[in-house]
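Enquirer: The structure file query.txt (compact mmCIF, C-alpha atoms and all ligand atoms) is provided below.
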```
# COMPACT_ATOMS: atom_id res chain seq x y z
CA MET L 1 0.00 0.00 0.00
CA GLN L 2 1.21 3.49 -0.85
CA PRO L 3 0.90 6.30 1.74
CA ILE L 4 -1.63 8.12 -0.43
CA GLN L 5 -3.88 5.03 -0.35
CA LEU L 6 -3.62 5.00 3.42
CA LEU L 7 -4.67 8.66 3.60
CA ARG L 8 -7.61 8.00 1.29
CA LEU L 9 -9.05 5.11 3.34
CA GLY L 10 -11.20 7.56 5.27
CA ARG L 11 -11.59 11.25 6.08
CA VAL L 12 -10.55 10.69 9.68
CA LEU L 13 -7.67 8.76 11.22
CA PRO L 14 -8.43 8.04 14.88
CA VAL L 15 -5.49 8.57 17.24
CA VAL L 16 -5.96 6.10 20.07
CA VAL L 17 -4.28 5.86 23.48
CA ILE L 18 -4.78 2.49 25.18
CA GLU L 19 -4.01 2.27 28.91
CA ARG L 20 -5.46 -1.24 29.53
CA VAL L 21 -4.63 -3.80 26.90
CA ASP L 22 -8.05 -5.44 27.20
CA ASP L 23 -9.63 -2.26 25.84
CA ALA L 24 -7.78 -2.45 22.51
CA VAL L 25 -9.95 -4.97 20.68
CA PRO L 26 -13.32 -3.51 21.78
CA VAL L 27 -12.16 -0.01 20.76
CA ALA L 28 -11.08 -1.27 17.34
CA LYS L 29 -14.38 -3.12 16.89
CA ALA L 30 -16.35 -0.02 17.92
CA LEU L 31 -14.51 2.14 15.37
CA LEU L 32 -15.14 -0.48 12.69
CA ALA L 33 -18.81 -0.73 13.66
CA GLY L 34 -19.03 3.04 13.17
CA GLY L 35 -17.59 2.73 9.67
CA VAL L 36 -13.96 3.74 10.33
CA SER L 37 -11.44 1.34 8.80
CA THR L 38 -8.11 2.55 10.21
CA LEU L 39 -6.67 3.43 13.58
CA GLU L 40 -3.39 4.83 14.82
CA LEU L 41 -2.50 3.26 18.14
CA THR L 42 0.00 5.48 19.91
CA LEU L 43 3.15 4.06 21.47
CA ARG L 44 2.63 6.17 24.58
CA THR L 45 1.73 3.49 27.06
CA PRO L 46 3.53 0.34 28.20
CA VAL L 47 0.81 -1.86 26.68
CA ALA L 48 0.80 -0.22 23.25
CA LEU L 49 2.74 -2.94 21.39
CA ASP L 50 0.58 -5.68 22.92
CA ALA L 51 -2.49 -3.68 22.00
CA ILE L 52 -1.34 -3.43 18.37
CA GLU L 53 -0.70 -7.17 18.30
CA ARG L 54 -4.15 -7.96 19.66
CA VAL L 55 -5.93 -5.69 17.21
CA ALA L 56 -3.91 -6.99 14.26
CA THR L 57 -4.83 -10.55 15.21
CA ALA L 58 -8.42 -10.19 16.40
CA VAL L 59 -9.70 -7.42 14.11
CA PRO L 60 -7.91 -7.90 10.79
CA GLU L 61 -10.63 -5.90 9.00
CA ILE L 62 -9.30 -2.67 10.50
CA LEU L 63 -5.93 -1.33 9.40
CA VAL L 64 -3.92 -0.77 12.57
CA GLY L 65 -0.83 1.43 12.58
CA ALA L 66 1.49 2.79 15.24
CA GLY L 67 1.58 6.45 16.24
CA THR L 68 3.97 8.44 18.41
CA VAL L 69 6.89 6.61 16.80
CA VAL L 70 9.84 8.61 18.11
CA SER L 71 12.76 6.15 17.96
CA PRO L 72 14.12 3.79 15.29
CA ALA L 73 13.65 0.81 17.63
CA GLN L 74 9.97 1.65 18.03
CA ALA L 75 9.49 1.59 14.26
CA ARG L 76 10.87 -1.94 14.09
CA ASP L 77 9.05 -3.18 17.19
CA ALA L 78 5.72 -1.75 16.07
CA VAL L 79 5.85 -3.48 12.69
CA ARG L 80 6.88 -6.74 14.35
CA ALA L 81 3.83 -6.40 16.59
CA GLY L 82 1.59 -6.04 13.53
CA ALA L 83 1.49 -2.31 12.74
CA ARG L 84 0.71 -1.83 9.06
CA PHE L 85 1.74 1.83 8.93
CA LEU L 86 3.87 4.18 11.02
CA VAL L 87 3.16 7.75 12.11
CA SER L 88 5.53 10.11 13.89
CA PRO L 89 4.98 13.57 15.32
CA GLY L 90 8.32 14.61 13.80
CA SER L 91 10.77 13.80 11.05
CA PRO L 92 14.39 13.56 12.25
CA PRO L 93 16.43 11.92 9.44
CA ALA L 94 17.54 8.82 11.37
CA LEU L 95 13.97 8.09 12.42
CA VAL L 96 12.64 8.55 8.89
CA ASP L 97 15.35 6.14 7.63
CA ALA L 98 14.25 3.54 10.18
CA MET L 99 10.57 3.98 9.37
CA LEU L 100 11.17 3.64 5.62
CA ALA L 101 13.27 0.52 6.21
CA GLU L 102 10.14 -1.21 7.53
CA ARG L 103 8.55 -1.04 4.06
CA VAL L 104 5.11 0.01 5.30
CA PRO L 105 3.44 3.36 4.59
CA VAL L 106 4.95 6.09 6.77
CA LEU L 107 3.69 9.51 7.79
CA PRO L 108 6.44 11.62 9.34
CA GLY L 109 5.34 14.83 11.01
CA VAL L 110 6.22 18.32 9.81
CA ALA L 111 5.27 21.77 11.08
CA THR L 112 7.33 24.09 8.86
CA VAL L 113 7.96 24.65 5.16
CA THR L 114 11.60 23.66 5.57
CA GLU L 115 10.69 20.38 7.27
CA ALA L 116 8.16 19.65 4.52
CA MET L 117 10.78 20.42 1.85
CA ALA L 118 13.26 18.09 3.53
CA MET L 119 10.72 15.24 3.28
CA MET L 120 9.92 16.17 -0.32
CA ALA L 121 13.64 15.96 -1.14
CA ARG L 122 13.52 12.33 0.05
CA GLY L 123 10.59 11.60 -2.22
CA LEU L 124 7.95 11.60 0.53
CA THR L 125 4.80 13.36 -0.61
CA GLU L 126 2.33 12.35 2.13
CA LEU L 127 2.99 13.88 5.55
CA LYS L 128 1.45 14.48 8.92
CA PHE L 129 1.03 18.18 9.78
CA PHE L 130 1.57 18.40 13.52
CA PRO L 131 0.58 20.08 15.77
CA ALA L 132 -1.97 21.30 13.25
CA GLN L 133 -4.01 23.81 15.19
CA THR L 134 -1.14 25.62 16.87
CA SER L 135 1.12 25.53 13.79
CA GLY L 136 -1.18 27.82 11.86
CA GLY L 137 -4.20 25.59 11.33
CA ALA L 138 -5.96 25.31 7.99
CA ALA L 139 -4.67 28.75 6.93
CA GLN L 140 -1.12 27.44 7.10
CA LEU L 141 -1.82 24.48 4.83
CA ARG L 142 -3.71 26.74 2.43
CA ALA L 143 -0.61 28.94 2.22
CA TRP L 144 1.52 25.87 1.41
CA GLN L 145 -0.63 24.87 -1.57
CA GLY L 146 1.16 27.32 -3.90
CA PRO L 147 4.82 26.55 -3.12
CA LEU L 148 4.35 22.86 -2.22
CA PRO L 149 1.71 21.63 -4.68
CA ARG L 150 2.78 17.98 -4.70
CA LEU L 151 2.31 17.40 -0.96
CA THR L 152 -0.74 15.87 0.72
CA PHE L 153 -1.28 16.17 4.46
CA CYS L 154 -3.01 14.50 7.36
CA PRO L 155 -3.23 17.39 9.86
CA THR L 156 -3.41 16.26 13.49
CA GLY L 157 -3.25 17.95 16.85
CA GLY L 158 -6.00 20.05 18.37
CA ILE L 159 -8.53 19.24 15.64
CA THR L 160 -12.15 18.84 16.74
CA PRO L 161 -15.30 17.77 14.89
CA ASP L 162 -16.05 21.51 14.56
CA THR L 163 -12.72 22.46 12.98
CA ALA L 164 -12.10 19.29 10.93
CA HIS L 165 -14.08 20.64 7.99
CA GLU L 166 -11.80 23.68 7.58
CA PHE L 167 -8.95 21.27 6.92
CA LEU L 168 -10.93 18.73 4.88
CA ALA L 169 -12.01 21.49 2.49
CA LEU L 170 -8.39 21.96 1.36
CA SER L 171 -7.10 20.23 -1.78
CA ASN L 172 -3.84 19.29 -0.02
CA VAL L 173 -5.61 17.52 2.87
CA ALA L 174 -6.78 13.92 2.42
CA CYS L 175 -7.84 13.20 6.01
CA VAL L 176 -7.53 14.58 9.53
CA GLY L 177 -6.23 12.81 12.60
CA GLY L 178 -7.56 13.17 16.09
CA SER L 179 -8.19 11.63 19.44
CA TRP L 180 -11.74 12.88 19.84
CA LEU L 181 -13.29 9.65 18.53
CA THR L 182 -11.90 7.66 21.44
CA PRO L 183 -12.13 9.89 24.54
CA PRO L 184 -10.52 8.38 27.67
CA ALA L 185 -13.81 8.83 29.55
CA LEU L 186 -15.65 6.54 27.12
CA ILE L 187 -12.85 3.98 27.05
CA ASP L 188 -12.70 3.91 30.87
CA LYS L 189 -16.44 3.27 31.05
CA GLY L 190 -16.32 0.65 28.32
CA ASP L 191 -18.84 2.71 26.35
CA TRP L 192 -18.17 1.04 23.01
CA GLN L 193 -21.49 2.19 21.57
CA GLY L 194 -20.53 5.76 22.36
CA ILE L 195 -17.27 5.34 20.45
CA ALA L 196 -19.11 3.68 17.55
CA ALA L 197 -21.48 6.67 17.47
CA LEU L 198 -18.59 9.17 17.32
CA ALA L 199 -16.96 7.10 14.60
CA ALA L 200 -20.21 6.94 12.63
CA LYS L 201 -20.45 10.74 12.57
CA ALA L 202 -16.91 11.10 11.27
CA ALA L 203 -17.35 8.26 8.77
CA GLU L 204 -20.01 10.35 7.01
CA TRP L 205 -17.55 13.13 6.09
O1 LIG C 301 1.28 10.87 19.07
C1 LIG C 301 1.57 11.30 17.96
O2 LIG C 301 2.13 10.65 17.10
C2 LIG C 301 1.27 12.69 17.69
O3 LIG C 301 1.80 13.24 16.79
C3 LIG C 301 0.34 13.40 18.48
C4 LIG C 301 -1.11 13.03 18.21
O4 LIG C 301 -1.37 12.85 16.88
C5 LIG C 301 -1.92 14.10 18.77
O5 LIG C 301 -1.60 14.24 20.13
C6 LIG C 301 -3.38 13.91 18.64
O6 LIG C 301 -3.90 15.15 18.85
P1 LIG C 301 -5.28 15.45 19.54
O7 LIG C 301 -6.34 15.02 18.59
O8 LIG C 301 -5.25 16.92 19.75
O9 LIG C 301 -5.29 14.68 20.83
```
Will you turn the file into structure tokens for me?
Expert:
Amino acid sequence: MQPIQLLRLGRVLPVVVIERVDDAVPVAKALLAGGVSTLELTLRTPVALDAIERVATAVPEILVGAGTVVSPAQARDAVRAGARFLVSPGSPPALVDAMLAERVPVLPGVATVTEAMAMMARGLTELKFFPAQTSGGAAQLRAWQGPLPRLTFCPTGGITPDTAHEFLALSNVACVGGSWLTPPALIDKGDWQGIAALAAKAAEW
């Protein structure tokens, strides 16, 4: 799969933090039930790799990737656990090398024109724009359309259901990322229907 195909799988890429590994499969099933076919499981908790493995095994219909990839070792470990794509908040060269070596779609993060140009120079044309809201929001990406016409972004960071449409209206945005589909309060309560309902709203975009 090419990165552009990953970005076009849906208009929203859920960013999920799993604290208890037993929550991983029900969260993935709830997102799928709501019509969302991808999820980015962040490597921010000790159970994250186990959670990726469980989702990859038990819910193969959803495409699970790893987010918050900040070290080369994490890129390798995540793919071994079953991650089918890799997302990073940043794009330091050694990390991007390690992510590309895994031969899965990768979305390194950029927040400036120079960072975006550095990725373009490596032949990467699909990027995460992070942190989207505080790095200039949709206006920033609109300003990049002229000088960087070949790039397509998945903005993430501070996006809400109310602001998502400003980004999705741009020709250089394929999807938006965000954690609002899987709020910790709903996960803690085991409110899988609530998560499915949030996913269903976003799946209509
Ligand atoms: O963990 C990563 O890889 C990141 O780059 C950060 C996340 O994508 C954002 O923290 C999600 O942002 P919110 O939707 O505002 O919660």
Enquirer: Which residue, L:Ala111, L:Ala116, L:Ala121, L:Ile4, has the smallest gap to ligand LIG 301 (chain C) when you use all atoms listed in the file?
Expert: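 Comparing L:Ala111, L:Ala116, L:Ala121, L:Ile4 against ligand LIG 301 (chain C), the winner is L:Ala111.
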Enquirer: When distances are computed from only C-alpha atoms, which of L:Leu39, L:Val55, L:Leu49, L:Leu141 shows the smallest separation from L:Pro26?
Expert: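 Nearest to L:Pro26: L:Val55.
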Enquirer: Kindly list the centre and edge lengths in Å, rounded to one decimal, for the axis-aligned box that covers all listed atoms of ligand LIG 301 (chain C) plus 8 Å on each of its six sides, as JSON.
Expert:
```
{"center_x": -2.1, "center_y": 13.8, "center_z": 18.8, "size_x": 24.5, "size_y": 22.3, "size_z": 20.0}
```
Enquirer: L:Leu124: which residues within 12 Å, counting all atoms listed in the file, same-chain residues fewer than 2 positions away excluded, as a list in words?
Expert: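 My reading of the contact set: Gln2, Pro3, Ile4, Ser91, Val96, Asp97, Met99, Leu100, Pro105, Val106, Leu107, Pro108, Gly109, Val110, Glu115, Ala116, Met117, Ala118, Met119, Met120, Ala121, Arg122, Glu126, Leu127, Lys128, Arg150, Leu151, Thr152 and Phe153 of chain L.
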Enquirer: Which chains and residue numbers are within 8 Å of ligand LIG 301 (chain C), counting only C-alpha atoms and all ligand atoms, if I want them as a PyMOL selection string?
Expert: chain L and resi 15+42-44+67-69+87-90+109+128+130-131+156-160+177-180
Enquirer: When you look at L:Val27 with a cut-off of 9 Å (counting all atoms listed in the file), what residues show up, excluding the ones that are within fewer than 5 positions of it in the same chain? I need them as a list in words.
Expert: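 That gives Val16, Ile18, Leu32, Thr182, Ile187, Gly190, Trp192, Ile195 and Ala196 of chain L.
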Enquirer: How would the residues just chosen look if you wrote them out with C-alpha atoms as a compact mmCIF listing (two decimals), in the frame of the given file?
Expert:
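Saved as again_33.txt:
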```txt
# COMPACT_ATOMS: atom_id res chain seq x y z
CA VAL L 16 -5.96 6.10 20.07
CA ILE L 18 -4.78 2.49 25.18
CA LEU L 32 -15.14 -0.48 12.69
CA THR L 182 -11.90 7.66 21.44
CA ILE L 187 -12.85 3.98 27.05
CA GLY L 190 -16.32 0.65 28.32
CA TRP L 192 -18.17 1.04 23.01
CA ILE L 195 -17.27 5.34 20.45
CA ALA L 196 -19.11 3.68 17.55
```
Enquirer: Report, in Å with one decimal, the straight-line distance from atom CA of L:Val104 to atom CA of L:Glu61.
Expert: 17.2 Å
Enquirer: Working from the structure I just supplied, which lacks atoms in stretch 106-130 of chain L, can you model N, CA and C atoms there and output them as a CSV table (one decimal), in the frame of the given file?
Expert:
```
chain,number,residue,atom,x,y,z
L,106,VAL,N,4.5,5.3,5.6
L,106,VAL,CA,5.0,6.1,6.8
L,106,VAL,C,4.4,7.5,6.6
L,107,LEU,N,4.1,8.1,7.8
L,107,LEU,CA,3.7,9.5,7.8
L,107,LEU,C,4.5,10.2,8.8
L,108,PRO,N,5.7,10.8,8.4
L,108,PRO,CA,6.4,11.6,9.3
L,108,PRO,C,5.7,13.0,9.5
L,109,GLY,N,6.0,13.6,10.7
L,109,GLY,CA,5.3,14.8,11.0
L,109,GLY,C,6.2,16.0,10.6
L,110,VAL,N,5.5,17.1,10.1
L,110,VAL,CA,6.2,18.3,9.8
L,110,VAL,C,5.3,19.5,10.3
L,111,ALA,N,6.0,20.6,10.6
L,111,ALA,CA,5.3,21.8,11.1
L,111,ALA,C,5.7,23.0,10.4
L,112,THR,N,6.8,22.9,9.6
L,112,THR,CA,7.3,24.1,8.9
L,112,THR,C,7.6,23.8,7.4
L,113,VAL,N,7.7,24.8,6.6
L,113,VAL,CA,8.0,24.6,5.2
L,113,VAL,C,9.3,23.9,5.0
L,114,THR,N,10.3,24.3,5.7
L,114,THR,CA,11.6,23.7,5.6
L,114,THR,C,11.6,22.2,5.9
L,115,GLU,N,10.8,21.8,6.9
L,115,GLU,CA,10.7,20.4,7.3
L,115,GLU,C,10.0,19.7,6.1
L,116,ALA,N,8.9,20.3,5.6
L,116,ALA,CA,8.2,19.6,4.5
L,116,ALA,C,9.1,19.5,3.3
L,117,MET,N,9.9,20.5,3.0
L,117,MET,CA,10.8,20.4,1.8
L,117,MET,C,11.8,19.3,2.0
L,118,ALA,N,12.3,19.1,3.3
L,118,ALA,CA,13.3,18.1,3.5
L,118,ALA,C,12.7,16.7,3.2
L,119,MET,N,11.4,16.5,3.6
L,119,MET,CA,10.7,15.2,3.3
L,119,MET,C,10.5,15.1,1.8
L,120,MET,N,10.1,16.2,1.1
L,120,MET,CA,9.9,16.2,-0.3
L,120,MET,C,11.2,15.8,-1.0
L,121,ALA,N,12.3,16.3,-0.5
L,121,ALA,CA,13.6,16.0,-1.1
L,121,ALA,C,13.9,14.5,-1.1
L,122,ARG,N,13.3,13.8,-0.1
L,122,ARG,CA,13.5,12.3,0.0
L,122,ARG,C,12.5,11.5,-0.7
L,123,GLY,N,11.6,12.3,-1.4
L,123,GLY,CA,10.6,11.6,-2.2
L,123,GLY,C,9.3,11.3,-1.5
L,124,LEU,N,9.2,11.8,-0.3
L,124,LEU,CA,8.0,11.6,0.5
L,124,LEU,C,7.0,12.7,0.2
L,125,THR,N,5.8,12.3,-0.2
L,125,THR,CA,4.8,13.4,-0.6
L,125,THR,C,3.5,13.3,0.3
L,126,GLU,N,3.4,12.4,1.2
L,126,GLU,CA,2.3,12.4,2.1
L,126,GLU,C,2.9,12.5,3.5
L,127,LEU,N,2.4,13.5,4.3
L,127,LEU,CA,3.0,13.9,5.6
L,127,LEU,C,1.9,14.2,6.6
L,128,LYS,N,2.3,14.0,7.8
L,128,LYS,CA,1.4,14.5,8.9
L,128,LYS,C,1.8,16.0,9.2
L,129,PHE,N,0.8,16.8,9.4
L,129,PHE,CA,1.0,18.2,9.8
L,129,PHE,C,0.7,18.3,11.3
L,130,PHE,N,1.7,18.5,12.1
L,130,PHE,CA,1.6,18.4,13.5
L,130,PHE,C,2.4,19.4,14.2
```
